[in-house]
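> The structure that follows is given in the form of structure tokens.
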Amino acid sequence: MTGRGRVAATAVGLVLVAGFCAVRFEATTDITDFLDAPGSAMEGALSRRLSRSEATRTMVLSVAAPDLALALETSAQLAASLRRDPVVAWVSSGPDPDLPQTLETLYFEHRYQLLSSDPETSLPPRFDDRGLSEAAAALKRALAGPLAPLVRGVAAADPLLAFPGLLRRLQRASSPALALRDGRFVSPDGGSAIVFVGTAYPALDSEHHAPLLARLEQDFAALDAAAGGVLELEMSAVQRFAVRAATAMRADVTRIGILSAIGIAVLFVVVFRSVRLIGVASLPLVAGLLCGLAACLLVYGRINALTLAFGGALVGVVIDYPIHLLAHWLLEDDTPDASGALRRVWPGIRLGAATSFVGFAALAAAGFPGIREIGIFAGAGIAGAVVVTASALPFLVPARRASGTTAERVAGALSSGIAWLTRHRAAAAAVPAVALLVCALGLPGLRFTDDVKALSPVDPELVAEEGRVRDRVLGTETSQVVIALGRDDEDALARNDRVAGLLAELVAEGALEEFRSLHDFVWSAALQRRNEDVVRSQPDLGPRFVAALAREGFKPGAFEPFLASLDARPPPLRLDDLTGSALGHWIRPFVLPRDTREGPVESRVALVTLLRGVSDPARLAAGLSQIDGAVFFDQLALLEAGYRSLRRAAGIMIGLGIVAVLLLLWLHYRSLSDTAVALVPALLAAGTTAALISLGGGALNLVHLFGLLLILGMGVDYGVFLAETARQGESVGATALGLVLSCTTSVLGLGLLALSSNPGLRALGATTAIGVISSLLLGPAVLAILSRPDRGSPAA
């Protein structure tokens with residue numbers, strides 16, 4: 001096939017791969033893909049369901065003003081605007097107008113089924129003669145109290161006041177810290193109007209929520225200006241943290257990307273006197289990214305955004321391939337065209353790609369789905385980049401080469417420097433000696449951190465505002481919860497009944513401050529029937545209570561509806577009855593979304609209980625261990641535990657990858673010195689980088705580990721190209737120039753991330769910059785030390 005035909009075939013192939021990616025592209029930002037350690041699938045699945053739940057998608061707005069009427073008017077205008085927003089699923093600024101009727105319809109006929117969580121113990125004393133006398137007296141007092149209109153409406157059918165008791169319990173459960181003013185939610189101190197907003201997208205979906213929050217802030221700014229600047233808006237919203245982090249990271253990447261592009265463009269113009277060659281050199285990288293993306297979409301049907309970030313960085317090692325080809329094409333007279341240059345560097349490209357592929361394949365064998373996905377992405381990316389480099393790149397390079405270039409002068413200086421090191425091996429040995437000294441000083445004190453918050457810190461003012469609103473409105477947290485799992489609604493509700501009983505005991509013991517549970521709204525059918533059975537088992541309950549009422553001055557004939565209700569047997573109240581009603585906004589946060597297509601944990605009914613003030617986690621865990629299907633879930637602790645396991649697994653996979661690369665190099669070279677030239681600089685560079693971080697007072701995190709993996713990949717490439725040059729007895733000038741250019745582009749492309757305000761990006765950038773520069777310095781030094789006399793000077 002002609003060169004033009006190979007280019008055309010490569011282009012068609014890339015277009016097909018790009019088309020596949022465009023058609024099948026689906027991305028996720030779910031971090032739990034990276035935290036699903038072997039044996040912890042349930043925790044990961046529950047975490048994913050929590051991240052999609054109504055509770056995390058609900059924003060709470062608190063509008064304050066010197067005059068509550070002004071705050072209420074402002075909140076009403078905001079609520080009206082939000083209801084028109086396509087990102088918003090629902091808005092609630094007060095009880096539903098139909099709520100009283102809904103409550104009566106839902107609960108009144110079930111009032112005797114929802115009397116007590118422990119009916120066999122607590123109900124008989126209420127229904128003995130003394131208890132009934134007290135109930136009759138309570139009815140008389142209630143008819144003279146503030147709730148008299150409500151009591152008069154139900155007294156004939158419910159003289160036990162079971163329904164008003166239910167209403168009080170529901171009010172505490174639905175908005176425990178809220179008051180009402182003119183049918184609107186206000187804070188307990190009466191200074192703020194409260195609005196609840198449910199969004200249609202998961203809380204971490206910053207793409208949809210960024211415009212929503214911008215519109216909200218714009219609307220409020222206009223209202224505040226019209227009011228004279230006296231209004232204050234505070235929010236509790238996971239969405240705001242996600243948007244703030246994504247916006248800051250996007251700004252950093254854009255700014256640094258522009259600097260990187262300018263730097264690389266200047267570098268290519270100075271060295272190659274060509275801007276066109278930037279596109280040529282970028283083609284293998286583009287191909288690698290497309291192939292990596294296509295592989296993940298083919299295997300998983302979607303790709304995690306973290307895979308794109310970390311996998312894309314690892315695929316960045318392929319930039320070495322076109323740079324070395326171009327350096328040899330530019331400098332070596334015996335390679336008349338780029339095809340000849342490719343033949344010259346092909347052994348190094350082939351072996352370097354093989355070592356990278358083997359190293360990344362170790363990630364693909366990891367037990368963590370996220371690490372495995374990164375390994376698949378990087379491995380497929382390496383393979384795609386090598387194919388494109390070999391098939392198309394030589395035929396895209398111009399036939400004419402500039403002479404007397406800066407590249408020739410730089411290559412000559414580098415060649416002379418390596419020759420000098422070869423003649424003065426003691427000087428060459430000083431470079432790895434310094435690296436070893438740094439390792440000896442820094443590695444013993446190496447620390448690791450598993451604090452996920454350190455990777456993306458949030459504005460402390462934002463955190464404080466979040467806390468104020470949650471304390472003001474919700475009274476509980478969503479980071480610590482208990483989840484009751486069941487095969488169906490009834491099974492889950494039965495377990496949730498037992499969970500509520502345990503938590504009530506813990507509150508009484510002082511081991512828990514408070515909790516909010518679906519148990520306040522609905523019980524299992526079994527518990528409801530137990531209540532009904534206890535009521536029906538009381539001898540002559542109706543006549544005895546009517547007699548007690550008569551003794552308090554009531555007319556016995558007025559309670560015929562009550563006597564008739566004792567014979568009624570309504571079906572138990574169901575969870576579905578509530579979720580589709582006007583109570584749905586208050587019920588759905590306690591029910592995690594199900595997905596029967598994903599797996600056994602995702603398909604089970606999961607009911608959430610929100611906790612506050614867990615002072616004795618061991619006591620809580622011990623109690624829950626006695627309830628099958630009940631799980632205490634601390635999201636922050638889970639993240640840190642998963643992160644810790646992930647970091648350790650990544651370290652093990654990197655170690656296995658190093659062993660695999662060592663074996664591959666040994667099988668290729670069958671020479672200890674050549675193997676050392678290829679591998680030792682990378683190992684020393686990685687160790688030096690880790691040691692410098694330690695000496696600087698830092699602790700290594702997961703991002704540092706991926707940076708070290710990138711260093712190892714690039715460092716081994718550097719060593720392989722040097723070893724191949726020495727084995728072939730060629731001048732090292734072109735290879736050394738290629739190394740300098742590869743190092744410079746890596747520093748410009750990734751190292752500049754050290755300027756980011758995001759700690760994760762900053763860690764990756766700093767690690768990469770230190771590591772690739774160390775690899776560049778160590779490679780020629782180790783080559784000079786281990787050069788074999790029978791091959792002559794490597795600079796010859």
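A note on labels: chains of the structure tokens are A, B, ... as shown, every chain counts residues from 1, and ligands are counted from 1 in their shown order.
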I'd like the contact shell of Glu514 in chain A - 9 Å cut-off, only C-alpha atoms, skipping same-chain residues fewer than 4 positions apart - returned as a PyMOL selection string.

chain A and resi 475-476+503-504+506-507+610-614

> Which range 256-351 of chain A residues have any atom within 9 Å of an atom of range 367-376 of chain A, and for each, what is the nearest pair of atoms with distance in Å to one decimal, counting only C-alpha atoms, rows sorted by chain and number, as a Markdown table?


```
| residue | atom | partner | partner_atom | distance |
| --- | --- | --- | --- | --- |
| A:Gly292 | CA | A:Ile376 | CA | 7.0 |
| A:Ala295 | CA | A:Ile376 | CA | 6.9 |
| A:Cys296 | CA | A:Glu373 | CA | 6.7 |
| A:Val299 | CA | A:Glu373 | CA | 8.9 |
| A:Tyr300 | CA | A:Glu373 | CA | 8.5 |
| A:Ile303 | CA | A:Glu373 | CA | 8.1 |
| A:Asn304 | CA | A:Gly370 | CA | 7.9 |
| A:Leu306 | CA | A:Gly370 | CA | 8.3 |
| A:Thr307 | CA | A:Ile374 | CA | 5.2 |
| A:Leu308 | CA | A:Ile374 | CA | 8.0 |
| A:Phe310 | CA | A:Ile374 | CA | 7.0 |
| A:Gly311 | CA | A:Ile374 | CA | 5.1 |
| A:Gly312 | CA | A:Ile374 | CA | 8.8 |
| A:Leu314 | CA | A:Ile374 | CA | 8.8 |
```

> Produce a file of the selected residues containing N, CA, C and O atoms, as a tab-separated table (two decimals), in the first residue's frame.


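Saved to selection_28.tsv:
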```tsv
chain	number	residue	atom	x	y	z
A	292	GLY	N	-8.73	4.57	23.47
A	292	GLY	CA	-9.01	4.31	24.88
A	292	GLY	C	-10.47	4.53	25.21
A	292	GLY	O	-11.10	3.72	25.91
A	295	ALA	N	-12.57	1.74	23.66
A	295	ALA	CA	-12.45	0.47	24.40
A	295	ALA	C	-13.34	0.47	25.64
A	295	ALA	O	-14.02	-0.52	25.93
A	296	CYS	N	-13.35	1.57	26.37
A	296	CYS	CA	-14.18	1.65	27.59
A	296	CYS	C	-15.67	1.64	27.24
A	296	CYS	O	-16.46	0.98	27.92
A	299	VAL	N	-16.56	-1.95	26.37
A	299	VAL	CA	-16.57	-2.88	27.50
A	299	VAL	C	-17.66	-2.53	28.51
A	299	VAL	O	-18.38	-3.40	29.00
A	300	TYR	N	-17.80	-1.23	28.83
A	300	TYR	CA	-18.68	-0.82	29.92
A	300	TYR	C	-19.95	-0.11	29.44
A	300	TYR	O	-20.89	0.04	30.22
A	303	ILE	N	-18.19	5.77	30.22
A	303	ILE	CA	-16.86	6.02	30.74
A	303	ILE	C	-16.95	7.00	31.90
A	303	ILE	O	-17.77	7.93	31.88
A	304	ASN	N	-16.14	6.77	32.91
A	304	ASN	CA	-16.11	7.68	34.05
A	304	ASN	C	-15.23	8.88	33.73
A	304	ASN	O	-14.19	8.74	33.08
A	306	LEU	N	-13.33	10.47	35.65
A	306	LEU	CA	-12.00	10.30	36.24
A	306	LEU	C	-11.12	9.43	35.35
A	306	LEU	O	-9.90	9.62	35.29
A	307	THR	N	-11.71	8.47	34.65
A	307	THR	CA	-10.94	7.67	33.70
A	307	THR	C	-10.42	8.55	32.58
A	307	THR	O	-9.27	8.40	32.14
A	308	LEU	N	-11.27	9.45	32.08
A	308	LEU	CA	-10.82	10.36	31.03
A	308	LEU	C	-9.64	11.20	31.51
A	308	LEU	O	-8.69	11.44	30.76
A	310	PHE	N	-7.42	10.64	34.33
A	310	PHE	CA	-6.21	9.89	34.65
A	310	PHE	C	-5.75	9.04	33.47
A	310	PHE	O	-4.55	8.96	33.18
A	311	GLY	N	-6.68	8.38	32.79
A	311	GLY	CA	-6.30	7.58	31.63
A	311	GLY	C	-5.72	8.44	30.53
A	311	GLY	O	-4.74	8.06	29.88
A	312	GLY	N	-6.32	9.62	30.33
A	312	GLY	CA	-5.77	10.53	29.32
A	312	GLY	C	-4.36	10.97	29.65
A	312	GLY	O	-3.50	11.10	28.77
A	314	LEU	N	-2.16	9.20	31.40
A	314	LEU	CA	-1.27	8.07	31.17
A	314	LEU	C	-0.99	7.86	29.69
A	314	LEU	O	0.14	7.54	29.29
```

> Within 8 Å of range 668-677 of chain A, counting only C-alpha atoms, which residues qualify if same-chain residues fewer than 2 places away don't, as a PDB file with C-alpha atoms, in the first residue's frame?


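That gives us out_37.pdb:
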```
ATOM      1  CA  LEU A 662      11.508  -5.757  34.419  1.00  0.00           C
ATOM      2  CA  LEU A 664       9.914  -7.893  29.661  1.00  0.00           C
ATOM      3  CA  LEU A 665      13.105  -5.818  29.458  1.00  0.00           C
ATOM      4  CA  TRP A 666      15.227  -8.740  30.599  1.00  0.00           C
ATOM      5  CA  LEU A 679      14.609   0.765  34.020  1.00  0.00           C
ATOM      6  CA  VAL A 680      16.839   2.228  36.748  1.00  0.00           C
ATOM      7  CA  PRO A 681      16.412   5.924  35.771  1.00  0.00           C
ATOM      8  CA  GLY A 719      15.631   4.613  29.173  1.00  0.00           C
ATOM      9  CA  VAL A 720      14.527   2.316  26.353  1.00  0.00           C
ATOM     10  CA  LEU A 722      18.805   5.437  25.217  1.00  0.00           C
ATOM     11  CA  ALA A 723      19.440   1.684  25.540  1.00  0.00           C
ATOM     12  CA  GLY A 779      18.861   8.536  31.957  1.00  0.00           C
ATOM     13  CA  VAL A 782      23.061   5.850  34.002  1.00  0.00           C
ATOM     14  CA  LEU A 783      23.845   5.251  30.301  1.00  0.00           C
ATOM     15  CA  LEU A 786      26.904   1.446  32.268  1.00  0.00           C
ATOM     16  CA  SER A 787      28.106   2.009  28.684  1.00  0.00           C
TER      17      SER A 787
END
```

> As a PyMOL selection string, which residues of range 307-446 of chain A does DSSP assign to helix (DSSP H, G or I)?

chain A and resi 307-331+338-364+369-391+393-395+406-423+425-445

> Residues at most 9 Å from Asp628 in chain A, counting only C-alpha atoms, excluding those fewer than 4 positions away in the same chain, as a PDB file with N, CA, C and O atoms, in the first residue's frame?


```pdb
ATOM      1  N   ALA A 484     -32.325   0.498  55.551  1.00  0.00           N
ATOM      2  CA  ALA A 484     -33.010  -0.787  55.716  1.00  0.00           C
ATOM      3  C   ALA A 484     -33.318  -1.348  54.340  1.00  0.00           C
ATOM      4  O   ALA A 484     -34.018  -0.707  53.544  1.00  0.00           O
ATOM      5  N   LEU A 485     -32.772  -2.519  54.041  1.00  0.00           N
ATOM      6  CA  LEU A 485     -32.938  -3.144  52.733  1.00  0.00           C
ATOM      7  C   LEU A 485     -33.952  -4.274  52.816  1.00  0.00           C
ATOM      8  O   LEU A 485     -33.957  -5.053  53.786  1.00  0.00           O
ATOM      9  N   ARG A 495     -38.234  -4.117  58.410  1.00  0.00           N
ATOM     10  CA  ARG A 495     -36.877  -3.891  58.941  1.00  0.00           C
ATOM     11  C   ARG A 495     -36.738  -2.449  59.437  1.00  0.00           C
ATOM     12  O   ARG A 495     -36.076  -2.175  60.435  1.00  0.00           O
ATOM     13  N   LEU A 624     -27.538  -2.656  65.171  1.00  0.00           N
ATOM     14  CA  LEU A 624     -27.931  -2.925  63.789  1.00  0.00           C
ATOM     15  C   LEU A 624     -27.523  -4.328  63.351  1.00  0.00           C
ATOM     16  O   LEU A 624     -28.154  -4.905  62.461  1.00  0.00           O
TER      17      LEU A 624
END
```

> To test your reading of the structure, identify every residue in range 536-687 of chain A that backbone DSSP assigns to strand (DSSP E or B), and report it as a ChimeraX atom specification.

/A:591,605-614,630-634

> Point out the residue among A:Lys140, A:Arg472, A:Arg48, A:His424 with the least atom-to-atom distance to Val60 in chain A, counting only C-alpha atoms.

A:Arg472

> Counting only C-alpha atoms, which residue out of A:Tyr321, A:Phe25, A:Phe127, A:Phe20 sits closest to Phe545 in chain A?

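Nearest to Phe545 in chain A: A:Phe127.
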
> Compare A:Leu695, A:Ala294, A:Ala148, A:Val772 by their minimum atom-to-atom distance to Leu437 in chain A, counting only C-alpha atoms, and give me the closest one.

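That would be A:Leu695, the residue with the smallest distance to Leu437 in chain A.
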
> Excluding Val431 in chain A and any residue of its chain fewer than 3 positions from it, enumerate the residues within 10 Å of it, using only C-alpha atoms, and give them as a PyMOL selection string.

chain A and resi 426-428+434-436+774+777-782

> Could the residues in this selection be written to a file with C-alpha atoms, as a PDB file, in the first residue's frame?


```pdb
ATOM      1  CA  ALA A 426      32.601   9.600  38.569  1.00  0.00           C
ATOM      2  CA  ALA A 427      30.834  12.801  37.579  1.00  0.00           C
ATOM      3  CA  ALA A 428      28.081  10.782  35.943  1.00  0.00           C
ATOM      4  CA  VAL A 434      22.253  12.543  44.620  1.00  0.00           C
ATOM      5  CA  ALA A 435      18.986  10.796  43.753  1.00  0.00           C
ATOM      6  CA  LEU A 436      19.814   7.945  46.116  1.00  0.00           C
ATOM      7  CA  SER A 774      14.536  13.639  37.087  1.00  0.00           C
ATOM      8  CA  LEU A 777      18.781  13.865  34.103  1.00  0.00           C
ATOM      9  CA  LEU A 778      19.190  10.299  35.315  1.00  0.00           C
ATOM     10  CA  GLY A 779      18.861   8.536  31.957  1.00  0.00           C
ATOM     11  CA  PRO A 780      22.048   9.831  30.282  1.00  0.00           C
ATOM     12  CA  ALA A 781      23.968   9.537  33.576  1.00  0.00           C
ATOM     13  CA  VAL A 782      23.061   5.850  34.002  1.00  0.00           C
TER      14      VAL A 782
END
```

> Return the single residue from A:Val15, A:Ile256, A:Ala162, A:Ile194 that is closest to Ser756 in chain A, with distances computed using only C-alpha atoms.

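Closest to Ser756 in chain A, using only C-alpha atoms: A:Ile256.
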